[in-house]
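Chemist: To start, I am sharing the structure in question, which I have written as structure tokens.
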Amino acid sequence: MEEMERRFILSKVALGEVPPDMVIANANLFNSLTGEFVGRQSVWIKNNRIAYAGPDHDPLKGDGTTVIDARGMTVLPGLIEGHTHTASNRYGFEEFVRYVIPTGVTTVITETIELATVAGRDGIEYLVKGLEGQPVRFYYTIAPLCGLTPSEEINAPANEELLPLLKNPQCLGIGEIYWGNIFLEGQQGERVRELASIALEMGKLVEGHTAGASGRKLQAYTDFGVSSCHEPITDEEVLERLRLGYWVMIREGSIRKELPGVAGIFKKKIDFRRLILSTDGVDPEGFLEEGYLDASLRSALKLGVPPQLAYQMVTINVADHFGLDHLIGSLSPGKMADLLIIPSPQDFSPCLVMCDGKIIFRDGKSLAEPKKVFFPDHMFHTVTIPEAIFSSIKGGALAEPAVALAKAGKVRAMELVSRLVTKESMIDLEKPEESKDVIMILALDRVGNRGAFMGLLKGFGLERGAYGTTMSWDSPDMIVVGCDTQSMETVIGRLKEIGGGGVYAIEEEIVAEFPAPLCGVASLKPMEIVGEEVKKLEASLRKNGVKWEKPALTVDTLASPAIPHLRITHKGYVRLKDRKVLPVEA
Ligand SMILES: [Fe+2]
């Protein structure tokens, strides 16, 4: 239907000349534009849009008009998830959709990095095709695909190859650029800076990631036109970024839960219109046990965030940031019919969810199914490991750290100082205190066979066996951490066999595993099974000494430039500060 005709019909519905398709009557309507809850309101819907939202309860009724009595309950605009990862949290995309439907989220802006790190442009393109025709609305950002060093960017398409994907109206801009990456020298930094400026010239956004930046560095990064950040962990960091013009997304998801740490911001007498609540992704355990953005909202309400502000943070504020407020984020005439009914402002438990004029969830039941997404065969065969690797771990070049461990001496190691943050440590293996809790860590290029590097990891806690993953963030490298080379070999062999995922083995025995055959990063099994498998895997790692919560996530992040300070690639350790590639030798 032509846009003009659509709007003409909407106006006739509002004037009482054409009957609406659906009426939501007797609603306590949340007006996200003013922050008010207004009682005894009525919403008239025609086709997939709102024709009228106000106190008039008497539209022209036709035979086909459905009336839903909200019985004084609260009606909100559909929630908008401003920053998330739909293909990197171990489950497949369809499972994400299936589990999002009951949460009240009707629009999702997703990052596209995960599959692309392994499969390049195909990894973005096939996902983008899958975003269309789903029961909830999707937009996406283009992954900047910036690794620790150029050798992790082997699959990154040239900027001109990304232009058609960037021009797509569903694309809202460039996805999170880690602040250190924009300053990189040489081709690596040039490509990212060029991509950001192309996006800005096209009127699209550049999404940010300013973890740990402050003062001049933060200002210099902001000069590149970056307009959002989901990394602040204190109220001071939130305020600093708001003052610089950022849309600050308070992250409350599986990676971190920042609400308690930034809660002070809600007490300040400032303008909150650039504050957003988002998840940055939720893992299967999170989805199954707590929920998604609905769980983040409940946490905000529990923390005492006023309901009107909490709901603005997941509706109009997100729409404003992405320039989508003409379509979504409020319940006002001409907007998309995306709404939900909850018992009261304080009780966020949706009893009805409507997206695009269709009811997709009602009274505890999903009424829509995810549309199947197609991925080509080659995206299921991404773990290629040459036989030579196995022999070099046992007796060849890669065995050196193991030999060093046995012989003792001063060496360089990655040391975990929290479950995600590492530091560069020079350890003397002759000193019992320093050599305690040191195991091997192998980074192995599993898509291009361009080599492997064996280093040392301190502070993980693993006491026996080896754990390996192909679900590394920002890198196509497989990472294997282990106490002995036999177990490491078993893990690598098994990961090759199952096409990737996570495997824990002790010597020749597989103790637990999580197969993730799609690019080695996602499973296609139902969410409940994915959740069970991951839980079992993590429990077996913890049972065998690992002290960190979510140990699989810890290993997944060791190759990522998103987190300080010493990281690893198949070329060596990489010091994040200066991107120097470093050997084990001290
Ligand atoms: Fe993210």
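Labels for the structure tokens follow display order: chains A, B, ..., residues from 1 in each chain, ligands from 1.
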Can you work out which residues are within 9 Å of ligand 1, considering only C-alpha atoms and all ligand atoms, and then hand them over as number ranges by chain?

Modeler: A: 83-85, 111, 175-176, 209, 230-231, 279-281

Chemist: Those selected residues, please, written with N, CA, C and O atoms and delivered as a compact mmCIF listing (two decimals), in the first residue's frame.

Modeler:
# COMPACT_ATOMS: atom_id res chain seq x y z
N HIS A 83 21.10 -2.36 21.67
CA HIS A 83 22.42 -2.95 21.39
C HIS A 83 22.47 -4.39 21.89
O HIS A 83 22.40 -4.65 23.08
N THR A 84 22.59 -5.29 20.93
CA THR A 84 22.61 -6.69 21.33
C THR A 84 23.36 -7.52 20.30
O THR A 84 23.72 -7.05 19.22
N HIS A 85 23.58 -8.76 20.66
CA HIS A 85 24.23 -9.73 19.77
C HIS A 85 23.29 -10.92 19.67
O HIS A 85 22.99 -11.55 20.67
N GLU A 111 23.95 -6.25 16.42
CA GLU A 111 25.29 -6.23 15.86
C GLU A 111 25.42 -7.42 14.92
O GLU A 111 24.67 -8.40 15.02
N GLY A 175 28.66 -0.74 13.64
CA GLY A 175 28.56 -1.28 15.00
C GLY A 175 29.71 -0.82 15.88
O GLY A 175 30.63 -0.14 15.42
N GLU A 176 29.67 -1.25 17.12
CA GLU A 176 30.60 -0.76 18.13
C GLU A 176 32.06 -0.81 17.66
O GLU A 176 32.57 -1.86 17.31
N HIS A 209 32.23 2.31 21.85
CA HIS A 209 32.65 1.37 22.88
C HIS A 209 33.83 2.04 23.57
O HIS A 209 34.95 1.98 23.06
N HIS A 230 27.99 1.79 25.43
CA HIS A 230 27.29 0.92 26.39
C HIS A 230 28.25 0.37 27.43
O HIS A 230 28.00 -0.66 28.03
N GLU A 231 29.36 1.08 27.66
CA GLU A 231 30.40 0.57 28.54
C GLU A 231 30.55 1.23 29.91
O GLU A 231 31.29 0.71 30.74
N THR A 279 20.85 -4.72 26.71
CA THR A 279 21.46 -5.93 27.29
C THR A 279 22.88 -6.19 26.81
O THR A 279 23.65 -6.81 27.50
N ASP A 280 23.21 -5.79 25.57
CA ASP A 280 24.49 -6.18 24.94
C ASP A 280 24.55 -7.71 24.79
O ASP A 280 25.63 -8.28 24.74
N GLY A 281 23.40 -8.32 24.77
CA GLY A 281 23.35 -9.79 24.59
C GLY A 281 23.06 -10.52 25.88
O GLY A 281 23.50 -10.10 26.95

Chemist: Please identify the strand (DSSP E or B) residues within range 343-472 of chain A (assignment by DSSP from backbone atoms) and present them as an NGL selection string.

Modeler: :A and (344 or 347 or 352-355 or 358-362 or 365-366 or 410-416 or 422-428 or 438-445 or 452-458 or 466-469)

Chemist: Compare A:Ala199, A:Thr222, A:Leu518, A:Leu566 by their minimum atom-to-atom distance to Phe380 in chain A, counting only C-alpha atoms, and give me the closest one.

Modeler: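 Answer, going by the shortest atom-to-atom distance: A:Leu518.
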
Chemist: Neighbouring residues of Lys436 in chain A were defined as those with any atom within 9 Å, considering only C-alpha atoms; residues of the same chain fewer than 6 positions away were excluded. Please report them as a ChimeraX atom specification.

Modeler: /A:429,458-459

Chemist: Save the residues we just selected, all heavy atoms, as a compact mmCIF listing (two decimals), in the first residue's frame?

Modeler:
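What landed in again07.txt:
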# COMPACT_ATOMS: atom_id res chain seq x y z
N LEU A 429 59.33 -19.18 37.32
CA LEU A 429 58.76 -20.50 37.58
C LEU A 429 59.51 -21.26 38.67
O LEU A 429 59.05 -22.30 39.12
CB LEU A 429 58.70 -21.30 36.28
CG LEU A 429 57.70 -20.74 35.25
CD1 LEU A 429 57.88 -21.40 33.91
CD2 LEU A 429 56.26 -20.90 35.72
N LYS A 458 47.96 -17.65 33.66
CA LYS A 458 47.96 -17.79 35.13
C LYS A 458 46.62 -17.31 35.67
O LYS A 458 46.04 -16.35 35.17
CB LYS A 458 49.10 -16.94 35.71
CG LYS A 458 49.26 -17.07 37.22
CD LYS A 458 50.52 -16.34 37.68
CE LYS A 458 50.56 -16.13 39.19
NZ LYS A 458 50.65 -17.35 39.97
N GLY A 459 46.15 -18.01 36.69
CA GLY A 459 44.98 -17.52 37.40
C GLY A 459 43.64 -18.03 36.92
O GLY A 459 42.60 -17.56 37.36

Chemist: Quick one, how far is CA of Gly180 in chain A from CA of Lys577 in chain A?

Modeler: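 Interatomic distance here is 8.2 Å.
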
Chemist: Using DSSP on the backbone, list every residue of range 143-371 of chain A that comes out as helix (DSSP H, G or I), and give them as number ranges by chain.

Modeler: A: 150-152, 159-167, 179-182, 186-201, 215-222, 235-243, 259-267, 284-289, 293-302, 307-312, 316-321

Chemist: Write the selection just made, keeping C-alpha atoms, as an mmCIF file, in the first residue's frame?

Modeler:
data_model
loop_
_atom_site.group_PDB
_atom_site.id
_atom_site.type_symbol
_atom_site.label_atom_id
_atom_site.label_comp_id
_atom_site.auth_asym_id
_atom_site.auth_seq_id
_atom_site.Cartn_x
_atom_site.Cartn_y
_atom_site.Cartn_z
ATOM 1 C CA PRO A 150 45.729 -7.367 11.042
ATOM 2 C CA SER A 151 46.073 -11.149 10.999
ATOM 3 C CA GLU A 152 42.675 -11.577 12.709
ATOM 4 C CA ASN A 159 34.882 -0.999 2.822
ATOM 5 C CA GLU A 160 33.487 -0.726 -0.714
ATOM 6 C CA GLU A 161 32.205 -4.300 -0.472
ATOM 7 C CA LEU A 162 30.172 -3.259 2.559
ATOM 8 C CA LEU A 163 28.482 -0.333 0.814
ATOM 9 C CA PRO A 164 25.350 -2.206 -0.339
ATOM 10 C CA LEU A 165 24.836 -3.533 3.184
ATOM 11 C CA LEU A 166 25.387 -0.082 4.635
ATOM 12 C CA LYS A 167 22.946 1.537 2.201
ATOM 13 C CA TRP A 179 37.943 3.131 21.132
ATOM 14 C CA GLY A 180 41.540 1.940 20.812
ATOM 15 C CA ASN A 181 40.835 0.613 17.327
ATOM 16 C CA ILE A 182 39.993 3.994 15.846
ATOM 17 C CA GLY A 186 48.500 1.716 9.301
ATOM 18 C CA GLN A 187 45.829 0.042 7.253
ATOM 19 C CA GLN A 188 44.004 -1.344 10.266
ATOM 20 C CA GLY A 189 43.075 2.061 11.661
ATOM 21 C CA GLU A 190 42.620 3.648 8.233
ATOM 22 C CA ARG A 191 39.990 1.113 7.220
ATOM 23 C CA VAL A 192 37.961 1.642 10.416
ATOM 24 C CA ARG A 193 38.197 5.434 10.282
ATOM 25 C CA GLU A 194 37.159 5.432 6.629
ATOM 26 C CA LEU A 195 34.217 3.144 7.372
ATOM 27 C CA ALA A 196 33.063 5.479 10.150
ATOM 28 C CA SER A 197 33.271 8.529 7.929
ATOM 29 C CA ILE A 198 31.429 6.806 5.053
ATOM 30 C CA ALA A 199 28.611 6.004 7.485
ATOM 31 C CA LEU A 200 28.433 9.570 8.775
ATOM 32 C CA GLU A 201 28.337 10.968 5.240
ATOM 33 C CA GLY A 215 39.549 12.856 29.554
ATOM 34 C CA ARG A 216 41.341 13.781 26.332
ATOM 35 C CA LYS A 217 41.299 10.263 24.919
ATOM 36 C CA LEU A 218 37.536 10.060 25.258
ATOM 37 C CA GLN A 219 37.130 13.488 23.683
ATOM 38 C CA ALA A 220 39.492 12.567 20.825
ATOM 39 C CA TYR A 221 37.519 9.387 20.163
ATOM 40 C CA THR A 222 34.263 11.368 20.232
ATOM 41 C CA ASP A 235 27.629 7.129 37.384
ATOM 42 C CA GLU A 236 30.612 9.464 36.798
ATOM 43 C CA GLU A 237 31.393 7.672 33.546
ATOM 44 C CA VAL A 238 27.752 7.917 32.496
ATOM 45 C CA LEU A 239 27.692 11.646 33.242
ATOM 46 C CA GLU A 240 30.983 12.336 31.435
ATOM 47 C CA ARG A 241 29.620 10.678 28.296
ATOM 48 C CA LEU A 242 26.193 12.348 28.495
ATOM 49 C CA ARG A 243 27.941 15.705 28.697
ATOM 50 C CA LEU A 259 22.620 -0.931 36.905
ATOM 51 C CA PRO A 260 23.757 -1.159 40.550
ATOM 52 C CA GLY A 261 27.085 0.550 39.735
ATOM 53 C CA VAL A 262 25.543 3.465 37.849
ATOM 54 C CA ALA A 263 22.423 3.851 40.013
ATOM 55 C CA GLY A 264 23.669 7.216 41.341
ATOM 56 C CA ILE A 265 22.916 8.784 37.943
ATOM 57 C CA PHE A 266 19.170 8.511 38.574
ATOM 58 C CA LYS A 267 19.463 10.775 41.612
ATOM 59 C CA PRO A 284 21.076 -19.089 27.168
ATOM 60 C CA GLU A 285 21.215 -19.404 30.961
ATOM 61 C CA GLY A 286 20.176 -15.751 31.249
ATOM 62 C CA PHE A 287 17.314 -16.153 28.788
ATOM 63 C CA LEU A 288 16.044 -19.295 30.510
ATOM 64 C CA GLU A 289 16.420 -18.146 34.098
ATOM 65 C CA LEU A 293 15.471 -6.833 28.250
ATOM 66 C CA ASP A 294 12.325 -7.517 30.286
ATOM 67 C CA ALA A 295 14.611 -8.818 33.052
ATOM 68 C CA SER A 296 16.784 -5.676 32.790
ATOM 69 C CA LEU A 297 13.636 -3.556 33.107
ATOM 70 C CA ARG A 298 12.498 -5.464 36.170
ATOM 71 C CA SER A 299 15.947 -4.893 37.722
ATOM 72 C CA ALA A 300 15.679 -1.170 37.011
ATOM 73 C CA LEU A 301 12.232 -0.984 38.607
ATOM 74 C CA LYS A 302 13.447 -2.968 41.613
ATOM 75 C CA PRO A 307 8.687 3.539 35.865
ATOM 76 C CA GLN A 308 8.210 6.408 33.432
ATOM 77 C CA LEU A 309 11.981 6.832 33.105
ATOM 78 C CA ALA A 310 12.618 3.081 32.907
ATOM 79 C CA TYR A 311 10.106 2.767 30.060
ATOM 80 C CA GLN A 312 11.428 5.817 28.229
ATOM 81 C CA ILE A 316 11.403 6.645 22.873
ATOM 82 C CA ASN A 317 15.016 7.294 23.923
ATOM 83 C CA VAL A 318 16.242 4.391 21.794
ATOM 84 C CA ALA A 319 14.010 5.433 18.885
ATOM 85 C CA ASP A 320 15.344 8.998 19.122
ATOM 86 C CA HIS A 321 18.958 7.829 19.096
#

Chemist: Kindly provide the residues of range 263-356 of chain A that approach range 246-251 of chain A to within 6 Å, each paired with its closest atom pair and their distance in Å to one decimal, based on only C-alpha atoms, listed by chain and increasing number, as JSON lines.

Modeler:
{"residue": "A:Arg274", "atom": "CA", "partner": "A:Trp247", "partner_atom": "CA", "distance": 4.7}
{"residue": "A:Leu275", "atom": "CA", "partner": "A:Val248", "partner_atom": "CA", "distance": 5.1}
{"residue": "A:Ile276", "atom": "CA", "partner": "A:Met249", "partner_atom": "CA", "distance": 4.4}
{"residue": "A:Leu277", "atom": "CA", "partner": "A:Ile250", "partner_atom": "CA", "distance": 4.8}
{"residue": "A:Ser278", "atom": "CA", "partner": "A:Arg251", "partner_atom": "CA", "distance": 5.2}
{"residue": "A:Thr279", "atom": "CA", "partner": "A:Arg251", "partner_atom": "CA", "distance": 5.2}

Chemist: Store the residues picked out above, limited to C-alpha atoms, as a JSON list (two decimals), in the first residue's frame.

Modeler:
[["chain", "number", "residue", "atom", "x", "y", "z"],
["A", 274, "ARG", "CA", 19.84, 10.29, 26.21],
["A", 275, "LEU", "CA", 19.81, 7.39, 28.63],
["A", 276, "ILE", "CA", 19.04, 3.93, 27.27],
["A", 277, "LEU", "CA", 18.81, 0.51, 28.89],
["A", 278, "SER", "CA", 20.11, -2.40, 26.83],
["A", 279, "THR", "CA", 21.46, -5.93, 27.29]]

Chemist: Can you work out the spacing between CA of Met471 in chain A and CA of Asp556 in chain A in Å, to one decimal?

Modeler: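 For CA of Met471 in chain A relative to CA of Asp556 in chain A, the distance reads 5.7 Å.
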
Chemist: Counting only C-alpha atoms, figure out which residue out of A:Lys257, A:Gly357, A:Leu145, A:Gly225 gets nearest to Val23 in chain A.

Modeler: A:Gly357

Chemist: Within 10 Å of range 170-172 of chain A, counting only C-alpha atoms, which residues qualify if same-chain residues fewer than 5 places away don't, as an NGL selection string?

Modeler: :A and (109-110 or 128 or 131-132 or 137-142 or 164-165 or 199 or 203-207 or 322-324)

Chemist: Fewer than 3 positions away in the same chain doesn't count, so skip those; otherwise give me all residues within 8 Å of range 120-126 of chain A, counting only C-alpha atoms, as a list of chain:residue names.

Modeler: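 The residues that qualify are A:Thr112, A:Ile113, A:Glu114, A:Leu115, A:Ala116, A:Thr117, A:Lys129, A:Gly130, A:Ile142, A:Asn155, A:Ala156, A:Pro157, A:Leu162, A:Leu165, A:Val373, A:Phe374, A:Phe375, A:Met379.
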
Chemist: Those same residues - C-alpha atoms - I'd like them written as a PDB file, in the first residue's frame.

Modeler:
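Dumped everything to out_28.pdb:
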ATOM      1  CA  THR A 112      26.545  -8.471  13.047  1.00  0.00           C
ATOM      2  CA  ILE A 113      30.103  -9.258  14.020  1.00  0.00           C
ATOM      3  CA  GLU A 114      30.070 -12.864  15.206  1.00  0.00           C
ATOM      4  CA  LEU A 115      29.547 -14.836  12.028  1.00  0.00           C
ATOM      5  CA  ALA A 116      31.449 -12.227  10.028  1.00  0.00           C
ATOM      6  CA  THR A 117      34.649 -12.721  12.044  1.00  0.00           C
ATOM      7  CA  LYS A 129      18.541 -11.768   4.988  1.00  0.00           C
ATOM      8  CA  GLY A 130      17.275 -13.669   8.032  1.00  0.00           C
ATOM      9  CA  ILE A 142      27.689  -3.260  10.188  1.00  0.00           C
ATOM     10  CA  ASN A 155      37.943 -12.143   6.567  1.00  0.00           C
ATOM     11  CA  ALA A 156      37.147  -8.449   6.886  1.00  0.00           C
ATOM     12  CA  PRO A 157      35.647  -7.215   3.593  1.00  0.00           C
ATOM     13  CA  LEU A 162      30.172  -3.259   2.559  1.00  0.00           C
ATOM     14  CA  LEU A 165      24.836  -3.533   3.184  1.00  0.00           C
ATOM     15  CA  VAL A 373      17.110 -18.524   8.421  1.00  0.00           C
ATOM     16  CA  PHE A 374      19.275 -20.066   5.733  1.00  0.00           C
ATOM     17  CA  PHE A 375      23.038 -20.345   6.085  1.00  0.00           C
ATOM     18  CA  MET A 379      29.407 -21.715   7.160  1.00  0.00           C
TER      19      MET A 379
END

Chemist: Would you mind listing what lies within 9 Å of Leu553 in chain A as a compact mmCIF listing (two decimals) with N, CA, C and O atoms, in the first residue's frame, with only C-alpha atoms counted and same-chain residues fewer than 3 positions away left out?

Modeler:
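Output (part-v1.txt):
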# COMPACT_ATOMS: atom_id res chain seq x y z
N ILE A 255 26.90 -10.26 30.00
CA ILE A 255 28.33 -9.94 30.09
C ILE A 255 28.60 -9.18 31.38
O ILE A 255 29.51 -9.50 32.12
N ARG A 419 37.44 -12.10 35.96
CA ARG A 419 37.03 -13.15 35.04
C ARG A 419 37.23 -12.74 33.57
O ARG A 419 37.25 -13.58 32.68
N LEU A 420 37.42 -11.44 33.32
CA LEU A 420 37.61 -10.99 31.95
C LEU A 420 38.92 -10.23 31.73
O LEU A 420 39.51 -10.30 30.65
N MET A 471 34.67 -20.10 19.92
CA MET A 471 33.70 -19.01 20.01
C MET A 471 34.36 -17.69 20.42
O MET A 471 33.72 -16.83 21.03
N SER A 472 35.63 -17.56 20.06
CA SER A 472 36.40 -16.37 20.44
C SER A 472 35.76 -15.09 19.92
O SER A 472 35.33 -15.03 18.77
N GLU A 549 33.22 -17.32 37.58
CA GLU A 549 31.84 -17.55 37.15
C GLU A 549 31.85 -17.51 35.61
O GLU A 549 32.60 -16.73 35.02
N LYS A 550 31.09 -18.31 34.95
CA LYS A 550 31.05 -18.39 33.48
C LYS A 550 32.45 -18.57 32.88
O LYS A 550 32.95 -17.72 32.12
N ASP A 556 36.50 -17.35 25.93
CA ASP A 556 36.02 -16.74 24.67
C ASP A 556 36.58 -15.33 24.46
O ASP A 556 36.67 -14.87 23.33
N THR A 557 36.89 -14.64 25.54
CA THR A 557 37.27 -13.23 25.41
C THR A 557 38.78 -13.00 25.37
O THR A 557 39.22 -11.86 25.22
N LEU A 558 39.58 -14.05 25.52
CA LEU A 558 41.03 -13.86 25.66
C LEU A 558 41.71 -13.32 24.39
O LEU A 558 42.83 -12.83 24.44

Chemist: Would you kindly return, as a list in words, each protein, DNA or RNA residue with an atom no farther than 9 Å from any atom of Thr107 in chain A, considering only C-alpha atoms and excluding same-chain residues fewer than 4 positions away?

Modeler: Gly78, Leu79, Ile80, Glu81, Gly82, Val136, Arg137, Phe138, Tyr139, Ile328, Asp338 and Cys355 of chain A

Chemist: What is the distance between CA of Lys580 in chain A and CA of Arg412 in chain A, in Å to one decimal?

Modeler: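 It comes out at 13.5 Å.
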